[in-house]
$ cat protein_26.txt   # compact mmCIF, C-alpha atoms and all ligand atoms
# COMPACT_ATOMS: atom_id res chain seq x y z
CA MET H 5 -23.65 -14.36 24.49
CA ASP H 6 -27.39 -15.00 24.88
CA VAL H 7 -28.36 -17.46 27.57
CA ALA H 8 -31.86 -18.49 28.59
CA GLY H 9 -32.55 -21.06 31.31
CA ASN H 10 -28.82 -21.85 31.37
CA ARG H 11 -28.96 -22.79 27.68
CA LEU H 12 -26.99 -21.04 24.96
CA MET H 13 -29.23 -19.27 22.46
CA VAL H 14 -28.31 -18.30 18.90
CA GLY H 15 -30.60 -15.68 17.38
CA GLY H 16 -33.36 -16.72 19.75
CA VAL H 17 -33.00 -20.46 19.12
CA CYS H 18 -31.54 -22.91 21.57
CA ALA H 19 -28.12 -24.04 20.26
CA SER H 20 -28.56 -27.70 21.16
CA SER H 21 -31.89 -27.82 19.33
CA LEU H 22 -30.11 -26.53 16.21
CA VAL H 23 -27.80 -29.52 16.45
CA ARG H 24 -30.76 -31.86 16.92
CA GLU H 25 -32.40 -30.39 13.82
CA TYR H 26 -29.44 -29.86 11.49
CA GLY H 27 -26.82 -32.31 12.79
CA SER H 28 -23.38 -32.04 14.33
CA PRO H 29 -20.96 -30.38 13.81
CA LEU H 30 -22.71 -27.22 12.69
CA TYR H 31 -21.82 -23.59 12.06
CA ALA H 32 -24.62 -21.34 13.35
CA TYR H 33 -24.69 -17.56 12.87
CA ASP H 34 -26.78 -14.91 14.56
CA GLU H 35 -27.85 -12.41 11.90
CA GLY H 36 -28.73 -9.75 14.47
CA VAL H 37 -25.12 -9.62 15.66
CA ILE H 38 -23.82 -8.98 12.13
CA ARG H 39 -26.25 -6.10 11.61
CA MET H 40 -25.48 -4.66 15.04
CA ARG H 41 -21.71 -4.72 14.56
CA PHE H 42 -21.97 -3.16 11.10
CA ARG H 43 -24.15 -0.31 12.35
CA GLU H 44 -21.94 0.25 15.36
CA LEU H 45 -18.90 0.56 13.14
CA ARG H 46 -20.60 2.82 10.62
CA ASP H 47 -21.93 5.09 13.36
CA SER H 48 -18.55 5.33 15.07
CA ILE H 49 -16.95 7.21 12.14
CA PRO H 50 -18.60 10.59 11.71
CA PHE H 51 -17.58 11.23 8.11
CA SER H 52 -20.14 11.63 5.35
CA LYS H 53 -18.12 10.15 2.50
CA LEU H 54 -17.45 6.90 4.36
CA ARG H 55 -17.52 3.52 2.68
CA ILE H 56 -17.20 0.24 4.52
CA TYR H 57 -15.87 -2.55 2.33
CA TYR H 58 -16.56 -5.91 3.95
CA ALA H 59 -13.38 -8.02 3.63
CA CYS H 60 -15.26 -11.15 2.69
CA LYS H 61 -12.28 -13.48 3.22
CA ALA H 62 -13.54 -13.51 6.83
CA ASN H 63 -16.72 -15.31 5.79
CA THR H 64 -17.66 -15.79 2.17
CA ASN H 65 -21.06 -17.34 2.64
CA PRO H 66 -23.22 -15.31 0.19
CA HIS H 67 -26.11 -15.23 2.66
CA ILE H 68 -23.88 -13.57 5.25
CA MET H 69 -22.52 -11.20 2.60
CA ARG H 70 -26.07 -10.38 1.57
CA VAL H 71 -26.89 -9.24 5.10
CA LEU H 72 -23.97 -6.81 4.94
CA ARG H 73 -24.96 -5.63 1.48
CA GLU H 74 -28.44 -4.87 2.78
CA GLU H 75 -26.80 -2.81 5.52
CA GLY H 76 -24.98 -0.75 2.88
CA ALA H 77 -21.56 -2.40 2.81
CA PHE H 78 -19.31 -2.54 -0.22
CA VAL H 79 -17.05 -5.59 -0.58
CA ASP H 80 -13.31 -6.24 -0.64
CA VAL H 81 -12.46 -9.25 -2.84
CA LEU H 82 -9.17 -11.01 -3.51
CA SER H 83 -9.89 -13.65 -6.14
CA PRO H 84 -12.28 -14.45 -8.96
CA GLY H 85 -13.88 -16.93 -6.53
CA GLU H 86 -14.71 -14.17 -4.09
CA VAL H 87 -16.13 -12.08 -6.96
CA PHE H 88 -18.35 -15.04 -7.90
CA LEU H 89 -19.64 -15.32 -4.33
CA ALA H 90 -20.06 -11.55 -3.94
CA GLU H 91 -22.15 -11.52 -7.11
CA LYS H 92 -24.31 -14.30 -5.64
CA ALA H 93 -24.81 -12.01 -2.65
CA GLY H 94 -26.03 -9.29 -5.00
CA PHE H 95 -22.98 -7.02 -5.04
CA THR H 96 -22.43 -5.27 -8.36
CA PRO H 97 -18.87 -4.69 -9.68
CA ASP H 98 -19.02 -0.98 -8.83
CA ARG H 99 -19.34 -1.97 -5.17
CA MET H 100 -16.27 -4.24 -5.22
CA MET H 101 -12.57 -3.56 -4.77
CA PHE H 102 -9.91 -6.10 -5.65
CA THR H 103 -6.87 -6.21 -3.34
CA SER H 104 -4.69 -9.28 -3.51
CA THR H 105 -1.09 -10.44 -3.65
CA GLY H 106 0.84 -12.58 -6.11
CA VAL H 107 -1.69 -11.42 -8.68
CA THR H 108 -1.63 -12.95 -12.17
CA ASP H 109 -2.40 -11.14 -15.43
CA ASP H 110 -5.39 -13.44 -15.89
CA GLU H 111 -6.84 -12.36 -12.55
CA MET H 112 -6.37 -8.71 -13.49
CA ARG H 113 -7.98 -9.27 -16.90
CA PHE H 114 -10.92 -10.86 -15.12
CA MET H 115 -11.32 -7.83 -12.81
CA ILE H 116 -10.81 -5.28 -15.59
CA GLY H 117 -13.32 -7.13 -17.77
CA LYS H 118 -15.93 -6.88 -15.05
CA GLY H 119 -15.15 -3.26 -14.24
CA ILE H 120 -13.94 -4.02 -10.71
CA HIS H 121 -11.53 -1.51 -9.21
CA VAL H 122 -7.99 -2.93 -8.93
CA ASN H 123 -5.75 -1.99 -6.01
CA CYS H 124 -2.12 -2.95 -6.79
CA ASP H 125 0.11 -4.67 -4.25
CA SER H 126 3.50 -4.20 -5.94
CA LEU H 127 5.30 -2.06 -8.50
CA SER H 128 5.43 -5.10 -10.75
CA GLN H 129 1.65 -5.55 -10.55
CA LEU H 130 1.12 -1.85 -11.21
CA ASP H 131 3.31 -2.03 -14.32
CA ARG H 132 1.49 -5.12 -15.59
CA TYR H 133 -1.86 -3.50 -14.82
CA GLY H 134 -0.77 -0.48 -16.86
CA SER H 135 0.08 -2.71 -19.83
CA LEU H 136 -3.32 -4.42 -19.59
CA ASN H 137 -5.39 -1.30 -19.01
CA ARG H 138 -3.60 1.79 -20.33
CA GLY H 139 -5.18 4.99 -19.07
CA GLY H 140 -7.19 3.07 -16.44
CA ARG H 141 -8.13 3.99 -12.92
CA VAL H 142 -6.08 2.35 -10.21
CA SER H 143 -4.96 2.59 -6.59
CA VAL H 144 -1.96 1.18 -4.77
CA ARG H 145 -1.45 -0.57 -1.47
CA ILE H 146 1.25 1.09 0.61
CA ASN H 147 3.29 -0.66 3.29
CA PRO H 148 3.47 2.10 5.91
CA ASP H 149 6.33 0.45 7.85
CA VAL H 150 3.91 -0.08 10.76
CA GLY H 151 2.22 -3.40 11.45
CA GLY H 152 -0.03 -4.92 14.08
CA GLY H 153 -2.11 -7.98 14.83
CA HIS H 154 -2.85 -10.87 17.14
CA HIS H 155 -0.07 -13.09 15.75
CA GLY H 156 3.03 -12.77 13.58
CA HIS H 157 1.24 -14.56 10.73
CA VAL H 158 -1.28 -11.75 10.34
CA ILE H 159 0.92 -8.64 10.60
CA THR H 160 0.89 -7.10 7.14
CA GLY H 161 2.93 -3.93 7.56
CA GLY H 162 6.65 -3.47 8.18
CA PRO H 163 9.80 -4.94 6.65
CA ASP H 164 8.86 -8.59 7.28
CA SER H 165 5.60 -8.29 5.40
CA LYS H 166 5.22 -9.32 1.77
CA PHE H 167 2.36 -6.87 1.24
CA GLY H 168 2.18 -3.50 -0.43
CA ILE H 169 4.66 -1.05 -1.88
CA TYR H 170 7.02 0.47 0.70
CA PHE H 171 5.95 3.99 1.64
CA ASP H 172 9.18 5.53 0.34
CA LYS H 173 8.67 4.35 -3.26
CA VAL H 174 6.63 7.37 -4.32
CA ASP H 175 8.86 8.24 -7.29
CA GLU H 176 8.74 4.70 -8.60
CA ILE H 177 4.92 4.66 -8.37
CA LYS H 178 4.69 7.98 -10.21
CA GLU H 179 7.00 6.79 -12.94
CA ILE H 180 4.87 3.70 -13.69
CA VAL H 181 1.66 5.71 -13.48
CA GLY H 182 3.11 8.19 -16.01
CA LYS H 183 4.41 5.46 -18.30
CA HIS H 184 0.92 3.96 -18.75
CA ASP H 185 -1.03 7.19 -18.39
CA LEU H 186 -2.85 5.68 -15.40
CA LYS H 187 -5.18 7.63 -13.10
CA LEU H 188 -4.03 6.99 -9.55
CA VAL H 189 -7.26 7.66 -7.68
CA GLY H 190 -6.56 6.07 -4.33
CA LEU H 191 -4.07 4.94 -1.73
CA HIS H 192 -4.58 1.99 0.58
CA HIS H 193 -3.01 0.17 3.45
CA HIS H 194 -3.92 -2.75 5.67
CA ILE H 195 -1.49 -3.26 8.54
CA GLY H 196 -2.74 -6.50 10.04
CA SER H 197 -5.59 -8.34 11.68
CA GLY H 198 -7.00 -8.62 15.18
CA ILE H 199 -5.60 -5.28 16.34
CA LEU H 200 -6.86 -4.01 19.66
CA GLU H 201 -4.52 -1.01 20.07
CA PRO H 202 -5.92 2.19 18.55
CA GLU H 203 -2.39 3.71 18.48
CA LYS H 204 -1.35 1.30 15.72
CA PHE H 205 -4.13 2.54 13.46
CA VAL H 206 -3.22 6.16 14.18
CA MET H 207 0.49 5.67 13.50
CA ALA H 208 -0.11 3.93 10.19
CA MET H 209 -2.78 6.42 9.16
CA ASN H 210 -0.36 9.29 9.59
CA VAL H 211 2.23 7.58 7.41
CA LEU H 212 -0.32 6.93 4.67
CA LEU H 213 -1.58 10.50 4.75
CA ASP H 214 2.01 11.74 4.45
CA VAL H 215 2.27 9.67 1.28
CA ALA H 216 -1.15 10.85 0.10
CA LYS H 217 -0.16 14.50 0.08
CA LYS H 218 2.47 13.68 -2.55
CA PHE H 219 -0.22 12.65 -5.05
CA ASP H 220 -2.63 15.04 -6.76
CA ASN H 221 -6.07 13.92 -7.96
CA LEU H 222 -6.78 11.30 -5.32
CA GLU H 223 -10.41 10.39 -4.78
CA PHE H 224 -10.10 8.10 -1.77
CA VAL H 225 -7.85 6.81 0.94
CA ASP H 226 -8.50 3.30 2.26
CA PHE H 227 -7.24 2.51 5.76
CA GLY H 228 -7.84 -1.23 5.54
CA GLY H 229 -9.35 -3.49 8.16
CA GLY H 230 -7.86 -5.21 11.17
CA ILE H 231 -10.12 -4.20 14.04
CA GLY H 232 -9.93 -6.94 16.65
CA ILE H 233 -12.61 -8.37 18.91
CA PRO H 234 -12.24 -9.59 22.50
CA TYR H 235 -11.76 -13.37 22.33
CA LYS H 236 -10.60 -13.97 25.89
CA PRO H 237 -12.69 -13.36 28.98
CA GLY H 238 -11.62 -10.04 30.46
CA GLN H 239 -10.12 -8.77 27.20
CA GLU H 240 -11.31 -5.25 26.49
CA ARG H 241 -13.26 -4.26 23.41
CA ILE H 242 -11.51 -1.61 21.35
CA GLY H 243 -12.87 1.90 22.01
CA LEU H 244 -14.63 2.15 18.67
CA LYS H 245 -16.17 5.56 19.26
CA GLU H 246 -12.82 7.12 20.20
CA LEU H 247 -11.06 5.39 17.30
CA GLY H 248 -13.80 6.43 14.88
CA SER H 249 -13.77 10.07 15.97
CA MET H 250 -10.02 10.18 15.76
CA ILE H 251 -10.04 8.71 12.23
CA ALA H 252 -12.71 11.19 11.11
CA GLU H 253 -10.92 14.18 12.67
CA THR H 254 -7.52 13.27 11.27
CA PHE H 255 -8.97 12.69 7.82
CA THR H 256 -11.08 15.84 7.83
CA ALA H 257 -7.98 17.88 8.74
CA PHE H 258 -6.05 16.15 5.96
CA CYS H 259 -8.75 16.89 3.38
CA ARG H 260 -8.73 20.55 4.36
CA ARG H 261 -4.98 20.72 3.71
CA TYR H 262 -5.34 18.66 0.53
CA GLY H 263 -7.99 21.08 -0.73
CA LYS H 264 -10.64 18.49 -1.53
CA GLU H 265 -12.98 16.25 0.42
CA LEU H 266 -11.85 12.73 -0.41
CA MET H 267 -13.75 9.53 0.32
CA LEU H 268 -12.71 7.54 3.37
CA PHE H 269 -12.72 3.77 3.01
CA ILE H 270 -12.18 1.04 5.57
CA GLU H 271 -12.34 -2.71 4.94
CA PRO H 272 -12.89 -4.73 8.08
CA GLY H 273 -13.86 -8.38 7.99
CA ARG H 274 -13.59 -9.90 11.43
CA TYR H 275 -15.31 -7.11 13.33
CA MET H 276 -18.67 -7.58 11.65
CA VAL H 277 -18.91 -11.35 11.61
CA ALA H 278 -16.67 -12.98 14.25
CA GLU H 279 -19.05 -12.73 17.17
CA SER H 280 -22.04 -13.89 15.16
CA GLY H 281 -20.64 -17.39 14.69
CA PHE H 282 -20.77 -20.56 16.82
CA LEU H 283 -19.17 -23.85 15.88
CA LEU H 284 -21.43 -26.40 17.54
CA CYS H 285 -20.10 -29.90 18.07
CA THR H 286 -20.71 -32.98 20.16
CA VAL H 287 -18.55 -34.73 22.74
CA ASN H 288 -17.89 -38.34 21.81
CA THR H 289 -14.91 -39.34 23.92
CA VAL H 290 -13.50 -38.68 27.37
CA LYS H 291 -10.05 -40.07 28.19
CA GLU H 292 -7.08 -39.37 30.42
CA THR H 293 -3.31 -39.24 30.30
CA PRO H 294 -1.18 -38.62 33.40
CA LYS H 295 -1.26 -34.94 32.47
CA HIS H 296 -4.64 -34.10 30.93
CA ARG H 297 -8.26 -35.11 30.75
CA PHE H 298 -9.09 -35.05 27.03
CA VAL H 299 -12.59 -34.40 25.79
CA GLY H 300 -12.93 -35.47 22.15
CA VAL H 301 -15.42 -33.84 19.79
CA ASP H 302 -16.70 -34.52 16.28
CA THR H 303 -14.92 -31.60 14.62
CA GLY H 304 -11.31 -30.48 14.33
CA PHE H 305 -8.91 -28.05 12.77
CA ASN H 306 -10.32 -28.96 9.37
CA HIS H 307 -13.36 -26.93 10.44
CA LEU H 308 -11.70 -24.33 12.67
CA VAL H 309 -7.97 -23.90 12.16
CA ARG H 310 -7.35 -20.74 14.22
CA PRO H 311 -6.27 -22.50 17.46
CA ALA H 312 -3.90 -24.87 15.61
CA MET H 313 -2.58 -22.19 13.27
CA TYR H 314 -2.16 -19.22 15.60
CA GLY H 315 -2.70 -20.68 19.08
CA SER H 316 -5.88 -18.60 19.11
CA TYR H 317 -8.16 -18.62 22.12
CA HIS H 318 -11.84 -19.36 21.53
CA GLU H 319 -14.24 -19.52 24.40
CA ILE H 320 -16.08 -22.84 24.73
CA VAL H 321 -19.39 -23.36 26.50
CA VAL H 322 -21.57 -26.37 27.13
CA ALA H 323 -24.71 -25.52 25.21
CA ASP H 324 -27.19 -26.85 27.78
CA ARG H 325 -25.22 -26.07 30.96
CA VAL H 326 -23.60 -22.72 30.33
CA ASP H 327 -23.10 -22.16 34.01
CA SER H 328 -22.43 -25.10 36.24
CA ALA H 329 -21.07 -25.54 39.74
CA GLY H 330 -19.00 -28.68 39.23
CA LYS H 331 -16.15 -27.72 36.94
CA GLU H 332 -13.15 -29.69 35.82
CA LYS H 333 -10.00 -28.98 33.88
CA VAL H 334 -9.99 -30.50 30.42
CA VAL H 335 -8.38 -30.25 27.03
CA VAL H 336 -10.93 -30.17 24.22
CA ALA H 337 -9.52 -32.18 21.34
CA GLY H 338 -10.61 -32.42 17.71
CA ASN H 339 -10.98 -35.54 15.59
CA ILE H 340 -8.10 -34.90 13.19
CA CYS H 341 -5.16 -37.28 13.31
CA GLU H 342 -2.60 -34.78 14.55
CA SER H 343 -1.67 -33.96 18.14
CA GLY H 344 -1.87 -30.26 17.36
CA ASP H 345 -5.61 -30.63 16.84
CA VAL H 346 -6.82 -29.32 20.16
CA PHE H 347 -9.13 -26.35 20.61
CA THR H 348 -7.88 -25.36 24.06
CA ARG H 349 -4.28 -24.49 23.40
CA ASP H 350 -1.77 -21.74 22.91
CA GLU H 351 1.07 -21.54 20.41
CA HIS H 352 3.01 -24.29 22.15
CA GLY H 353 0.39 -26.94 22.81
CA PRO H 354 -2.59 -28.03 24.93
CA VAL H 355 -3.75 -25.82 27.77
CA ASP H 356 -6.27 -27.04 30.34
CA ARG H 357 -9.56 -25.18 30.43
CA GLU H 358 -12.13 -25.21 33.23
CA LEU H 359 -15.45 -26.43 31.87
CA PRO H 360 -18.55 -27.94 33.44
CA LYS H 361 -18.14 -31.70 33.89
CA LEU H 362 -18.54 -33.16 30.42
CA ARG H 363 -20.24 -36.34 29.25
CA GLU H 364 -20.42 -38.01 25.89
CA GLY H 365 -23.32 -36.53 23.96
CA ASP H 366 -22.91 -33.00 25.37
CA VAL H 367 -23.13 -30.25 22.77
CA LEU H 368 -20.30 -27.72 22.95
CA ALA H 369 -20.24 -24.31 21.33
CA ILE H 370 -16.96 -22.80 20.23
CA LEU H 371 -17.61 -19.08 20.28
CA ASN H 372 -16.60 -16.17 18.05
CA THR H 373 -16.06 -18.39 15.04
CA GLY H 374 -17.96 -16.33 12.46
CA ALA H 375 -14.74 -14.93 11.01
CA TYR H 376 -11.98 -17.10 9.54
CA GLY H 377 -13.81 -20.22 10.70
CA PHE H 378 -15.69 -21.79 7.82
CA SER H 379 -13.77 -19.67 5.28
CA MET H 380 -10.49 -21.33 6.34
CA SER H 381 -11.93 -24.82 6.64
CA SER H 382 -10.72 -27.76 4.60
CA ASN H 383 -11.45 -31.36 3.76
CA TYR H 384 -8.30 -32.59 5.50
CA ASN H 385 -8.63 -36.21 6.63
CA SER H 386 -11.25 -36.43 3.87
CA ARG H 387 -13.99 -35.22 6.14
CA PRO H 388 -16.85 -33.22 4.66
CA ARG H 389 -17.55 -29.74 6.03
CA PRO H 390 -20.46 -28.98 8.36
CA ALA H 391 -23.68 -27.28 7.35
CA GLU H 392 -24.09 -23.55 8.03
CA VAL H 393 -27.31 -22.06 9.39
CA LEU H 394 -28.28 -18.43 9.76
CA VAL H 395 -30.64 -17.59 12.58
CA GLU H 396 -32.77 -14.50 12.89
CA ASP H 397 -35.55 -13.74 15.34
CA GLY H 398 -36.01 -17.33 16.34
CA LYS H 399 -35.95 -18.71 12.79
CA ALA H 400 -33.09 -20.78 11.41
CA ARG H 401 -32.38 -21.53 7.78
CA VAL H 402 -29.66 -23.57 6.13
CA ILE H 403 -27.31 -21.31 4.18
CA ARG H 404 -24.94 -24.07 3.11
CA LYS H 405 -25.76 -27.75 3.05
CA ARG H 406 -23.69 -30.23 5.00
CA GLU H 407 -21.14 -31.66 2.59
CA ASP H 408 -21.33 -35.32 1.65
CA LEU H 409 -18.57 -37.46 0.20
CA ASN H 410 -19.13 -35.99 -3.29
CA TYR H 411 -17.51 -32.78 -2.06
CA LEU H 412 -14.21 -34.64 -1.70
CA GLY H 413 -13.88 -34.16 -5.42
CA TYR H 414 -13.58 -37.63 -6.91
CA GLY H 415 -17.10 -39.01 -6.88
CA TYR H 416 -17.65 -42.36 -5.22
N1 LIG H 501 -8.10 -5.99 3.94
C1 LIG H 501 -7.07 -6.77 3.56
C2 LIG H 501 -6.27 -6.35 2.41
C3 LIG H 501 -6.78 -7.95 4.25
O1 LIG H 501 -5.77 -8.70 3.87
C4 LIG H 501 -7.59 -8.32 5.34
C5 LIG H 501 -7.33 -9.54 6.09
C6 LIG H 501 -8.66 -7.48 5.71
C7 LIG H 501 -8.88 -6.33 4.98
C8 LIG H 501 -9.60 -7.80 6.85
O2 LIG H 501 -8.96 -7.91 8.07
P1 LIG H 501 -9.84 -8.05 9.38
O3 LIG H 501 -10.65 -6.79 9.54
O4 LIG H 501 -10.69 -9.23 9.23
O5 LIG H 501 -8.83 -8.22 10.49
N2 LIG H 501 -6.97 -15.78 9.25
C9 LIG H 501 -6.56 -14.78 10.22
C10 LIG H 501 -6.82 -13.37 9.72
C11 LIG H 501 -6.19 -13.09 8.38
C12 LIG H 501 -6.51 -11.74 7.84
C13 LIG H 501 -6.11 -11.61 6.40
N3 LIG H 501 -6.38 -10.35 5.82
C14 LIG H 501 -7.25 -15.05 11.55
O6 LIG H 501 -8.01 -16.00 11.64
O7 LIG H 501 -7.01 -14.35 12.52
$ encode --input "protein_26.txt" --output "structure tokens" --more "lines below"
Ligand code: LLP
Amino acid sequence: MDVAGNRLMVGGVCASSLVREYGSPLYAYDEGVIRMRFRELRDSIPFSKLRIYYACKANTNPHIMRVLREEGAFVDVLSPGEVFLAEKAGFTPDRMMFTSTGVTDDEMRFMIGKGIHVNCDSLSQLDRYGSLNRGGRVSVRINPDVGGGHHGHVITGGPDSKFGIYFDKVDEIKEIVGKHDLKLVGLHHHIGSGILEPEKFVMAMNVLLDVAKKFDNLEFVDFGGGIGIPYKPGQERIGLKELGSMIAETFTAFCRRYGKELMLFIEPGRYMVAESGFLLCTVNTVKETPKHRFVGVDTGFNHLVRPAMYGSYHEIVVADRVDSAGKEKVVVAGNICESGDVFTRDEHGPVDRELPKLREGDVLAILNTGAYGFSMSSNYNSRPRPAEVLVEDGKARVIRKREDLNYLGYGY
């Protein structure tokens, strides 16, 4: 977090002045952080045939995606909508990979038509893909029986997960591949999101490589995304260098045994964009119950659903008084008509947070909201979404206009 004169700065611009200029609430992103995290990740894996696919579900703003494309990222897409936005960001189909679930034939036809690589999530999808694209290139997503993540909702490996083809279904995969004369060029897994334990990645990687040795003619193995970031004060950042070296070593040893140097893919989303984002909002209400002092703001879980959906912790700072002696315990509440709409909470409900004494008109910044913030936002309560601005070297530009009532879909 950048602070100057006790004021929060985003990309060299004072956060509260962004609100004055572009209105409240507002999503502001620091471009420098995105570039830094991408480079850090790339440099942590010493393997020459490395590709980083940005999982754009984390943040689909084409201007953000464009920054990552400029850095050399490929892109992981899950719907025709994401393809549309990736194209706007300048990604060509040969730099996209489609991994989704509950996939329809129409979606596959769309991907095949564009020449986008399809990664199949089930035996049924693989069979349907074969019927649509006999002789085509394909990869499959394996469920390695290992999962991880910051919340049960985001664990995508193991028997409770709907994703992938269980690791022991090798014969079934081969049979379908043979039936349609497909070229199985890759294996993939993604075990969950917000993982801070390197062991989980290692365990799953070993399972996937065990599966990989049963297939000839592979060209790549994709170890998915899921790298977490520290959201809570005191939470440790994952040892990226150690993790990266371990991934490179394990994979290099595998390739030696396999007899061919394969490509190594990863597809993180959160890691590159989460810390770049700030949801800026304004206090409009202060009220008390016998239990809590509530501070009401002009945004809610329609704009940032992570606290309400997963009990996620997001740090909150007062933009113009980042550090302040007089603190008080408050619950920061959104403006959606549901009691669950509080930003300081855990899975069970409101949790008091110590913040500088707040007044109506104060600008608050909800930190680390660059991933799964705007991309999960909605128009619930028929409220338009905020504008998004991207800030670099002291210059801000609007990368998505504030919605007006036309965005609600019915005209007025
Ligand atoms: N690859 C696949 C196939 C995925 O499903 C995902 C995320 C990723 C890559 C990127 O994962 P990441 O590196 O961002 O952890 N809304 C939740 C996170 C859901 C993740 C869904 N899949 C949250 O706000 O925590």
$ residues_near_ligand --input "protein_26.txt" --ligand "ligand LIG 501 (chain H)" --cutoff "7 Å" --atoms "only C-alpha atoms and all ligand atoms" --output "list in words"
Ala59, Lys61, Ala62, Asp80, Thr103, Ser104, Val158, His194, Gly196, Ser197, Gly198, Gly228, Gly229, Gly230, Ile231, Gly232, Glu271, Pro272, Gly273, Arg274, Tyr275, Arg310, Ala375 and Tyr376 of chain H
$ closest_residue --input "protein_26.txt" --among "H:Gly27, H:Ser48, H:Asn339, H:Lys217" --to "Ile242 in chain H" --atoms "all atoms listed in the file"
H:Ser48
$ residues_around --input "protein_26.txt" --residues "Ser280 in chain H" --least-positions-apart "3" --cutoff "10 Å" --atoms "all atoms listed in the file" --output "PyMOL selection string"
chain H and resi 5+14-15+32-41+275-277+371-375+394-395
$ write_last_selection --input "protein_26.txt" --atoms "C-alpha atoms" --output "short mmCIF file (atom, residue, chain, number, x, y, z; two decimals), in the coordinates of the input"
data_model
loop_
_atom_site.label_atom_id
_atom_site.label_comp_id
_atom_site.auth_asym_id
_atom_site.auth_seq_id
_atom_site.Cartn_x
_atom_site.Cartn_y
_atom_site.Cartn_z
CA MET H 5 -23.65 -14.36 24.49
CA VAL H 14 -28.31 -18.30 18.90
CA GLY H 15 -30.60 -15.68 17.38
CA ALA H 32 -24.62 -21.34 13.35
CA TYR H 33 -24.69 -17.56 12.87
CA ASP H 34 -26.78 -14.91 14.56
CA GLU H 35 -27.85 -12.41 11.90
CA GLY H 36 -28.73 -9.75 14.47
CA VAL H 37 -25.12 -9.62 15.66
CA ILE H 38 -23.82 -8.98 12.13
CA ARG H 39 -26.25 -6.10 11.61
CA MET H 40 -25.48 -4.66 15.04
CA ARG H 41 -21.71 -4.72 14.56
CA TYR H 275 -15.31 -7.11 13.33
CA MET H 276 -18.67 -7.58 11.65
CA VAL H 277 -18.91 -11.35 11.61
CA LEU H 371 -17.61 -19.08 20.28
CA ASN H 372 -16.60 -16.17 18.05
CA THR H 373 -16.06 -18.39 15.04
CA GLY H 374 -17.96 -16.33 12.46
CA ALA H 375 -14.74 -14.93 11.01
CA LEU H 394 -28.28 -18.43 9.76
CA VAL H 395 -30.64 -17.59 12.58
#
$ residues_around --input "protein_26.txt" --residues "range 313-330 of chain H" --least-positions-apart "3" --cutoff "8 Å" --atoms "all atoms listed in the file" --output "PyMOL selection string"
chain H and resi 7+10-12+19-20+155+157+235-237+309-310+347-353+359-361+366-373
$ atom_distance --input "protein_26.txt" --atom1 "CA of Gly161 in chain H" --atom2 "CA of Leu200 in chain H"
15.6 Å
